[in-house]
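Peer 1: You'll find work.csv just under this line, and it carries CSV, C-alpha atoms and all ligand atoms.
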chain,number,residue,atom,x,y,z
A,1,MET,CA,0.0,0.0,0.0
A,2,GLY,CA,1.6,3.2,-1.2
A,3,SER,CA,4.5,4.5,0.8
A,4,SER,CA,5.0,2.4,3.8
A,5,GLY,CA,5.4,3.8,7.4
A,6,ASP,CA,9.1,3.0,7.1
A,7,ASN,CA,9.4,5.2,4.1
A,8,HIS,CA,7.8,8.1,5.9
A,9,ASP,CA,10.3,7.7,8.7
A,10,LEU,CA,13.3,8.0,6.5
A,11,GLY,CA,13.8,11.8,6.2
A,12,LEU,CA,11.8,12.9,9.2
A,13,VAL,CA,11.1,16.6,9.2
A,14,GLU,CA,12.4,16.9,5.6
A,15,MET,CA,9.7,14.7,4.3
A,16,ARG,CA,6.8,16.3,6.1
A,17,ARG,CA,3.9,17.5,4.0
A,18,ARG,CA,1.6,20.1,5.4
A,19,MET,CA,-2.1,19.0,5.2
A,20,LEU,CA,-4.1,21.2,2.8
A,21,ILE,CA,-7.8,21.9,2.8
A,22,VAL,CA,-9.2,23.6,-0.3
A,23,GLY,CA,-12.7,25.0,-0.6
A,24,ASN,CA,-14.0,24.9,-4.2
A,25,TRP,CA,-17.0,27.2,-4.3
A,26,LYS,CA,-17.6,26.4,-8.0
A,27,MET,CA,-20.2,28.7,-9.6
A,28,ASN,CA,-21.6,29.9,-6.2
A,29,GLY,CA,-21.1,33.2,-4.4
A,30,LEU,CA,-22.3,36.6,-5.4
A,31,ILE,CA,-20.3,39.4,-3.8
A,32,GLU,CA,-22.4,39.7,-0.7
A,33,THR,CA,-22.5,35.9,0.0
A,34,ALA,CA,-18.8,35.6,-0.7
A,35,ARG,CA,-18.1,38.4,1.8
A,36,GLU,CA,-20.3,36.8,4.5
A,37,LEU,CA,-18.9,33.3,4.0
A,38,THR,CA,-15.3,34.7,4.2
A,39,GLU,CA,-16.1,36.7,7.4
A,40,ASP,CA,-17.8,33.7,9.0
A,41,LEU,CA,-14.9,31.4,8.2
A,42,LEU,CA,-12.3,33.9,9.5
A,43,ALA,CA,-14.3,34.4,12.7
A,44,GLY,CA,-14.6,30.6,13.1
A,45,LEU,CA,-10.9,30.1,12.5
A,46,ALA,CA,-9.8,32.9,14.9
A,47,GLY,CA,-8.5,31.3,18.1
A,48,ARG,CA,-9.2,27.8,16.8
A,49,VAL,CA,-6.6,25.2,17.7
A,50,GLY,CA,-6.3,21.6,16.6
A,51,GLY,CA,-7.0,20.9,12.9
A,52,ALA,CA,-6.8,24.6,12.0
A,53,LEU,CA,-3.2,24.7,13.1
A,54,ARG,CA,-2.3,21.5,11.3
A,55,CYS,CA,-3.3,22.5,7.9
A,56,GLU,CA,-3.1,25.2,5.2
A,57,VAL,CA,-6.5,26.5,4.2
A,58,VAL,CA,-7.3,27.8,0.6
A,59,LEU,CA,-10.5,29.3,-0.7
A,60,CYS,CA,-11.3,29.1,-4.4
A,61,PRO,CA,-14.3,31.4,-5.0
A,62,PRO,CA,-15.6,32.2,-8.6
A,63,ALA,CA,-13.4,34.7,-10.5
A,64,THR,CA,-15.9,37.5,-9.9
A,65,ALA,CA,-15.6,37.2,-6.1
A,66,LEU,CA,-11.8,36.8,-5.9
A,67,GLN,CA,-11.2,40.5,-5.2
A,68,VAL,CA,-13.7,40.8,-2.4
A,69,VAL,CA,-12.6,37.6,-0.7
A,70,ASN,CA,-9.0,38.7,-1.0
A,71,GLN,CA,-9.8,42.0,0.6
A,72,HIS,CA,-11.5,40.2,3.5
A,73,LEU,CA,-8.7,37.7,3.9
A,74,GLY,CA,-6.3,40.6,4.5
A,75,GLY,CA,-3.2,39.2,6.2
A,76,ALA,CA,-5.0,36.1,7.4
A,77,ALA,CA,-3.3,32.7,7.0
A,78,VAL,CA,-6.1,31.6,4.7
A,79,LYS,CA,-4.9,31.7,1.0
A,80,LEU,CA,-6.8,32.4,-2.2
A,81,GLY,CA,-7.0,30.2,-5.3
A,82,GLY,CA,-8.6,30.4,-8.7
A,83,GLN,CA,-10.8,27.6,-10.1
A,84,ASP,CA,-9.3,27.6,-13.6
A,85,LEU,CA,-6.8,29.5,-15.7
A,86,SER,CA,-6.0,30.1,-19.4
A,87,GLU,CA,-3.0,28.3,-20.8
A,88,HIS,CA,-2.1,31.5,-22.6
A,89,GLU,CA,-0.4,34.7,-21.5
A,90,ILE,CA,-2.1,38.1,-21.4
A,91,GLY,CA,-3.5,38.9,-24.8
A,92,PRO,CA,-6.5,38.6,-27.1
A,93,HIS,CA,-8.4,35.6,-25.5
A,94,THR,CA,-11.9,36.8,-24.9
A,95,GLY,CA,-13.5,35.5,-21.7
A,96,GLU,CA,-10.3,33.9,-20.4
A,97,ILE,CA,-8.3,34.7,-17.3
A,98,CYS,CA,-4.6,34.0,-17.1
A,99,GLY,CA,-2.3,33.2,-14.2
A,100,ILE,CA,-0.8,36.7,-13.9
A,101,MET,CA,-4.3,38.0,-13.4
A,102,LEU,CA,-5.0,35.5,-10.7
A,103,ARG,CA,-1.7,36.5,-9.0
A,104,ASN,CA,-2.6,40.1,-9.4
A,105,VAL,CA,-5.9,39.6,-7.4
A,106,GLY,CA,-4.1,37.7,-4.6
A,107,CYS,CA,-4.1,34.0,-5.7
A,108,TRP,CA,-1.5,31.5,-4.6
A,109,TYR,CA,-3.1,28.4,-6.0
A,110,VAL,CA,-5.3,27.4,-9.0
A,111,ILE,CA,-7.4,24.3,-9.6
A,112,VAL,CA,-6.6,22.8,-13.0
A,113,GLY,CA,-8.5,20.1,-14.9
A,114,HIS,CA,-11.4,19.7,-12.6
A,115,SER,CA,-13.7,16.9,-13.9
A,116,GLU,CA,-16.5,19.4,-14.4
A,117,ARG,CA,-14.2,21.2,-16.9
A,118,ARG,CA,-12.9,18.0,-18.4
A,119,ALA,CA,-16.4,16.7,-19.0
A,120,ASN,CA,-18.2,20.0,-20.0
A,121,TRP,CA,-15.5,22.1,-21.6
A,122,GLY,CA,-13.5,19.5,-23.5
A,123,GLU,CA,-10.4,19.8,-21.3
A,124,GLU,CA,-8.3,16.7,-22.1
A,125,ASN,CA,-5.0,15.6,-20.7
A,126,PRO,CA,-2.7,17.6,-23.0
A,127,ARG,CA,-4.6,20.9,-22.3
A,128,VAL,CA,-4.7,20.2,-18.5
A,129,ALA,CA,-0.9,19.7,-18.7
A,130,ARG,CA,-0.5,23.0,-20.5
A,131,LYS,CA,-2.6,24.8,-17.9
A,132,MET,CA,-0.5,23.3,-15.2
A,133,ALA,CA,2.6,24.6,-16.9
A,134,ALA,CA,1.0,28.0,-17.3
A,135,ALA,CA,0.3,28.0,-13.5
A,136,PHE,CA,3.9,27.3,-12.7
A,137,ARG,CA,5.1,29.9,-15.3
A,138,ASP,CA,2.9,32.5,-13.6
A,139,GLY,CA,4.0,31.7,-10.1
A,140,LEU,CA,0.9,29.8,-8.9
A,141,GLN,CA,0.7,26.3,-7.3
A,142,PRO,CA,-1.5,24.1,-9.5
A,143,ILE,CA,-4.0,21.7,-7.9
A,144,VAL,CA,-4.4,19.2,-10.7
A,145,CYS,CA,-7.5,17.0,-10.6
A,146,VAL,CA,-7.5,13.4,-11.7
A,147,GLY,CA,-10.1,10.7,-11.3
A,148,GLU,CA,-12.1,8.1,-13.2
A,149,THR,CA,-15.8,8.0,-14.2
A,150,LEU,CA,-18.1,5.3,-12.9
A,151,ASP,CA,-18.0,3.5,-16.3
A,152,GLU,CA,-14.2,3.5,-16.2
A,153,ARG,CA,-14.2,2.1,-12.6
A,154,ASP,CA,-16.7,-0.5,-13.4
A,155,ALA,CA,-14.6,-1.6,-16.4
A,156,GLY,CA,-11.6,-2.0,-14.0
A,157,ARG,CA,-9.8,0.9,-15.5
A,158,ALA,CA,-9.6,3.4,-12.6
A,159,LEU,CA,-5.9,3.1,-12.1
A,160,ASP,CA,-5.1,3.2,-15.8
A,161,VAL,CA,-7.1,6.4,-16.3
A,162,VAL,CA,-5.4,8.0,-13.3
A,163,ARG,CA,-2.0,6.9,-14.6
A,164,GLU,CA,-2.7,8.4,-18.1
A,165,GLN,CA,-3.8,11.7,-16.5
A,166,LEU,CA,-0.6,11.8,-14.4
A,167,GLU,CA,1.7,10.8,-17.2
A,168,ALA,CA,0.5,13.7,-19.4
A,169,LEU,CA,1.8,16.1,-16.7
A,170,TYR,CA,5.4,15.0,-16.3
A,171,PRO,CA,6.8,16.3,-19.6
A,172,LEU,CA,5.6,19.8,-18.8
A,173,LEU,CA,6.6,19.9,-15.1
A,174,PRO,CA,9.3,22.5,-14.3
A,175,SER,CA,12.7,21.0,-13.9
A,176,GLN,CA,13.6,22.8,-10.7
A,177,THR,CA,13.2,20.6,-7.7
A,178,GLY,CA,11.7,23.4,-5.5
A,179,LYS,CA,9.0,24.0,-8.1
A,180,ARG,CA,8.0,20.4,-8.8
A,181,GLN,CA,7.4,19.9,-5.2
A,182,GLN,CA,4.7,22.6,-5.3
A,183,LEU,CA,2.5,20.4,-7.5
A,184,VAL,CA,-0.7,19.4,-5.8
A,185,VAL,CA,-2.7,16.4,-7.1
A,186,ALA,CA,-6.4,16.0,-6.2
A,187,TYR,CA,-7.9,12.6,-6.7
A,188,GLU,CA,-11.6,13.1,-7.3
A,189,PRO,CA,-13.5,10.0,-8.5
A,190,VAL,CA,-16.1,11.6,-10.8
A,191,TRP,CA,-18.9,9.4,-9.5
A,192,ALA,CA,-18.3,10.7,-5.9
A,193,ILE,CA,-18.5,14.5,-6.8
A,194,GLY,CA,-21.6,16.2,-5.5
A,195,THR,CA,-23.4,12.9,-5.5
A,196,GLY,CA,-23.2,12.2,-1.7
A,197,ARG,CA,-21.8,8.8,-2.9
A,198,ASN,CA,-18.6,8.1,-1.1
A,199,ALA,CA,-15.6,6.2,-2.2
A,200,THR,CA,-14.6,3.7,0.6
A,201,PRO,CA,-11.4,4.3,2.6
A,202,GLY,CA,-10.0,1.2,0.8
A,203,GLN,CA,-10.8,2.6,-2.6
A,204,ILE,CA,-9.3,6.0,-1.7
A,205,GLN,CA,-6.1,4.6,-0.2
A,206,GLU,CA,-5.7,2.3,-3.2
A,207,VAL,CA,-5.7,5.1,-5.7
A,208,HIS,CA,-3.7,7.5,-3.4
A,209,GLY,CA,-1.0,4.9,-2.8
A,210,PHE,CA,-0.9,4.3,-6.6
A,211,ILE,CA,-0.5,8.1,-7.2
A,212,ARG,CA,2.3,8.3,-4.6
A,213,ARG,CA,4.2,5.4,-6.2
A,214,ASN,CA,3.8,7.0,-9.6
A,215,LEU,CA,5.1,10.3,-8.3
A,216,LEU,CA,8.1,8.7,-6.7
A,217,GLU,CA,8.8,6.7,-9.8
A,218,ARG,CA,8.7,9.7,-12.1
A,219,LEU,CA,10.0,12.5,-9.8
A,220,GLY,CA,12.2,10.6,-7.3
A,221,ASP,CA,12.4,12.3,-4.0
A,222,ASP,CA,10.4,15.4,-5.2
A,223,GLY,CA,7.5,13.0,-5.5
A,224,ARG,CA,7.4,12.6,-1.8
A,225,LYS,CA,6.7,16.2,-1.2
A,226,VAL,CA,3.8,16.5,-3.6
A,227,ARG,CA,0.5,16.7,-1.7
A,228,ILE,CA,-2.3,14.4,-2.8
A,229,LEU,CA,-5.8,15.6,-1.8
A,230,TYR,CA,-9.0,13.6,-1.9
A,231,GLY,CA,-12.2,15.2,-3.2
A,232,GLY,CA,-15.7,13.9,-3.7
A,233,SER,CA,-18.5,14.4,-1.1
A,234,VAL,CA,-16.2,15.0,1.8
A,235,LYS,CA,-18.3,16.1,4.8
A,236,ALA,CA,-17.8,16.7,8.5
A,237,GLY,CA,-19.0,13.1,9.1
A,238,ASN,CA,-16.5,11.3,6.9
A,239,ALA,CA,-13.5,13.7,6.8
A,240,ALA,CA,-11.6,12.3,9.8
A,241,ASP,CA,-11.6,8.7,8.4
A,242,ILE,CA,-10.5,10.0,5.0
A,243,PHE,CA,-7.8,12.3,6.3
A,244,ALA,CA,-6.4,9.6,8.5
A,245,LEU,CA,-5.5,7.5,5.4
A,246,GLU,CA,-1.8,7.1,4.8
A,247,ASP,CA,-1.5,8.8,1.5
A,248,VAL,CA,-4.2,11.5,1.9
A,249,ASP,CA,-2.7,14.9,2.5
A,250,GLY,CA,-5.9,16.9,2.7
A,251,GLY,CA,-9.1,17.5,0.8
A,252,LEU,CA,-10.7,19.4,-2.1
A,253,ILE,CA,-14.1,20.3,-0.7
A,254,GLY,CA,-17.0,21.4,-2.9
A,255,GLY,CA,-20.6,21.5,-1.5
A,256,ALA,CA,-19.5,21.4,2.2
A,257,SER,CA,-17.2,24.5,1.7
A,258,LEU,CA,-20.3,26.7,1.1
A,259,LYS,CA,-21.4,26.6,4.7
A,260,SER,CA,-18.9,27.9,7.2
A,261,SER,CA,-19.9,25.5,10.0
A,262,ASP,CA,-19.5,22.5,7.7
A,263,PHE,CA,-16.1,23.7,6.3
A,264,LEU,CA,-14.8,24.5,9.8
A,265,ALA,CA,-15.9,21.0,11.0
A,266,ILE,CA,-13.9,19.5,8.2
A,267,ILE,CA,-10.9,21.6,9.1
A,268,ASP,CA,-11.3,20.4,12.7
A,269,ALA,CA,-11.1,16.8,11.5
A,270,VAL,CA,-7.5,17.3,10.2
A,271,PRO,CA,-5.3,14.9,12.2
A,272,GLU,CA,-1.7,15.2,13.3
A,273,LYS,CA,0.3,13.2,10.7
A,274,PHE,CA,3.8,12.4,9.6
B,301,LIG,P1,-18.1,17.9,-3.6
B,301,LIG,O1,-17.2,18.5,-4.8
B,301,LIG,O2,-17.4,18.0,-2.3
B,301,LIG,O3,-19.3,18.7,-3.7
B,301,LIG,O4,-18.4,16.5,-4.0
B,301,LIG,C1,-15.8,18.3,-4.8
B,301,LIG,C2,-15.2,18.9,-6.0
B,301,LIG,O5,-15.8,18.8,-7.1
B,301,LIG,O6,-14.1,19.5,-5.9
Turn the structure described in the file into structure tokens.
Ligand code: PGA
Peer 2:
Amino acid sequence: MGSSGDNHDLGLVEMRRRMLIVGNWKMNGLIETARELTEDLLAGLAGRVGGALRCEVVLCPPATALQVVNQHLGGAAVKLGGQDLSEHEIGPHTGEICGIMLRNVGCWYVIVGHSERRANWGEENPRVARKMAAAFRDGLQPIVCVGETLDERDAGRALDVVREQLEALYPLLPSQTGKRQQLVVAYEPVWAIGTGRNATPGQIQEVHGFIRRNLLERLGDDGRKVRILYGGSVKAGNAADIFALEDVDGGLIGGASLKSSDFLAIIDAVPEKF
């Protein structure tokens, strides 16, 4: 199963990965709602101990709310992320937003290749890889989503699909060690997104362990530093069991990130690891 406990013990502090909890608001949040949600979250996080101290928290509101959320975050530890970016640089690309613009409005991270974009906007592996490269070029940390559909799982192809999605990324990863380690991979089985249907801990660890082995094989020691998030109907009630899994380094949270009490309860569930 993935990297063994022994492996984790080898480099001690050097190997530690900070748990990461990302709220993906998707196409939700007018200015007023975004402001309220951000304020509620910050109020909830203030003075919180436990999980809140053990993880990095990122909010990914829709593009139209990035600025207002950024203003409210101020100097808080919570970071901002975009939900998508153009593979192109500034120029004549109507309707697109590039990495420099996301940086300009305060983003540190950007989600790339979410399954809703893969399915509805024709984003295939090569374009997802180019978007990842654009994120690195523009100084953002990409959170690249991978995951199989129900048909692919039923056909016994889940790991093959995830392998193909990962393999498309490697040729376009930056060569510098410090940068490659900033890659974040989110495993989101498509059939578990927004459906309330959960992957079992066994299914999750199987794929996360597979991703970790693939990263180690292709990136050597840098692959140990890459964080692997799980996403797909993570809720307060199942978060602790999922986050406790060996190769799960946090979560990409959709629906449950839209209510501050739910999102805070998920943050509280982050365990002490590594
Ligand atoms: P969900 O969405 O938590 O609502 O299932 C997760 C995601 O799509 O990132």
Peer 1: Got a sec to check which residues lie within 8 Å of ligand LIG 301 (chain B), using only C-alpha atoms and all ligand atoms, and send them as a list in words?
Peer 2: Gly23, Asn24, Lys26, His114, Ser115, Glu116, Glu188, Ala192, Ile193, Gly194, Thr195, Gly196, Gly231, Gly232, Ser233, Val234, Lys235, Leu252, Ile253, Gly254, Gly255, Ala256 and Ser257 of chain A
Peer 1: Considering only C-alpha atoms, state which residue in the set A:Val162, A:Ile100, A:Leu59, A:Ile90 is at the smallest distance from A:Phe136.
Peer 2: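 Distance minimum relative to A:Phe136 lands on A:Ile100.
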Peer 1: Using only C-alpha atoms, which residue out of A:Ile228, A:Ala52, A:Leu258, A:Leu37 lies closest to A:Glu246?
Peer 2: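 When distances to A:Glu246 are compared using only C-alpha atoms, the smallest one comes from A:Ile228.
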Peer 1: If we count only C-alpha atoms, what is near stretch 121-127 of chain A at a cut-off of 6 Å, once residues fewer than 3 positions away on the same chain are taken out, given as a count of residues only?
Peer 2: 5
Peer 1: What does the distance between atom CA of A:Arg163 and atom CA of A:Val207 come to in Å, to one decimal place?
Peer 2: 9.8 Å
Peer 1: Could you make a table, as CSV, of the residues of stretch 130-236 of chain A that have an atom within 10 Å of an atom of stretch 94-98 of chain A, each with its nearest atom pair and distance in Å to one decimal, counting all atoms listed in the file, in chain and number order?
Peer 2:
residue,atom,partner,partner_atom,distance
A:Lys131,CA,A:Cys98,CA,9.4
A:Ala134,CA,A:Cys98,CA,8.2
A:Ala135,CA,A:Cys98,CA,8.5
A:Asp138,CA,A:Cys98,CA,8.4
Peer 1: In Å, rounded to a single decimal, give me how far atom CA of A:Arg180 is from atom CA of A:Arg218.
Peer 2: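 Between atom CA of A:Arg218 and atom CA of A:Arg180 the gap is 11.2 Å.
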Peer 1: Do a neighbour search on A:Ala158 at 12 Å with all atoms listed in the file, toss out local chain neighbours closer than 4 positions, and write the hits as JSON, numbers by chain.
Peer 2: {"A": [146, 147, 148, 149, 150, 151, 152, 153, 154, 162, 163, 164, 165, 187, 188, 189, 190, 191, 203, 204, 206, 207, 208, 210, 211]}
Peer 1: Name all residues at most 12 Å from A:Phe243 (count all atoms listed in the file; drop same-chain ones fewer than 5 positions away) and give them as number ranges by chain.
Peer 2: A: 19-21, 51, 54-55, 201, 204-205, 208, 228-231, 234-238, 248-252, 266-273
Peer 1: Ranking A:Leu42, A:Pro142, A:Ile242, A:Arg197 by minimum distance to A:Val226 and counting all atoms listed in the file, which one comes first?
Peer 2: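 Using all atoms listed in the file, A:Val226 sits closest to A:Pro142.
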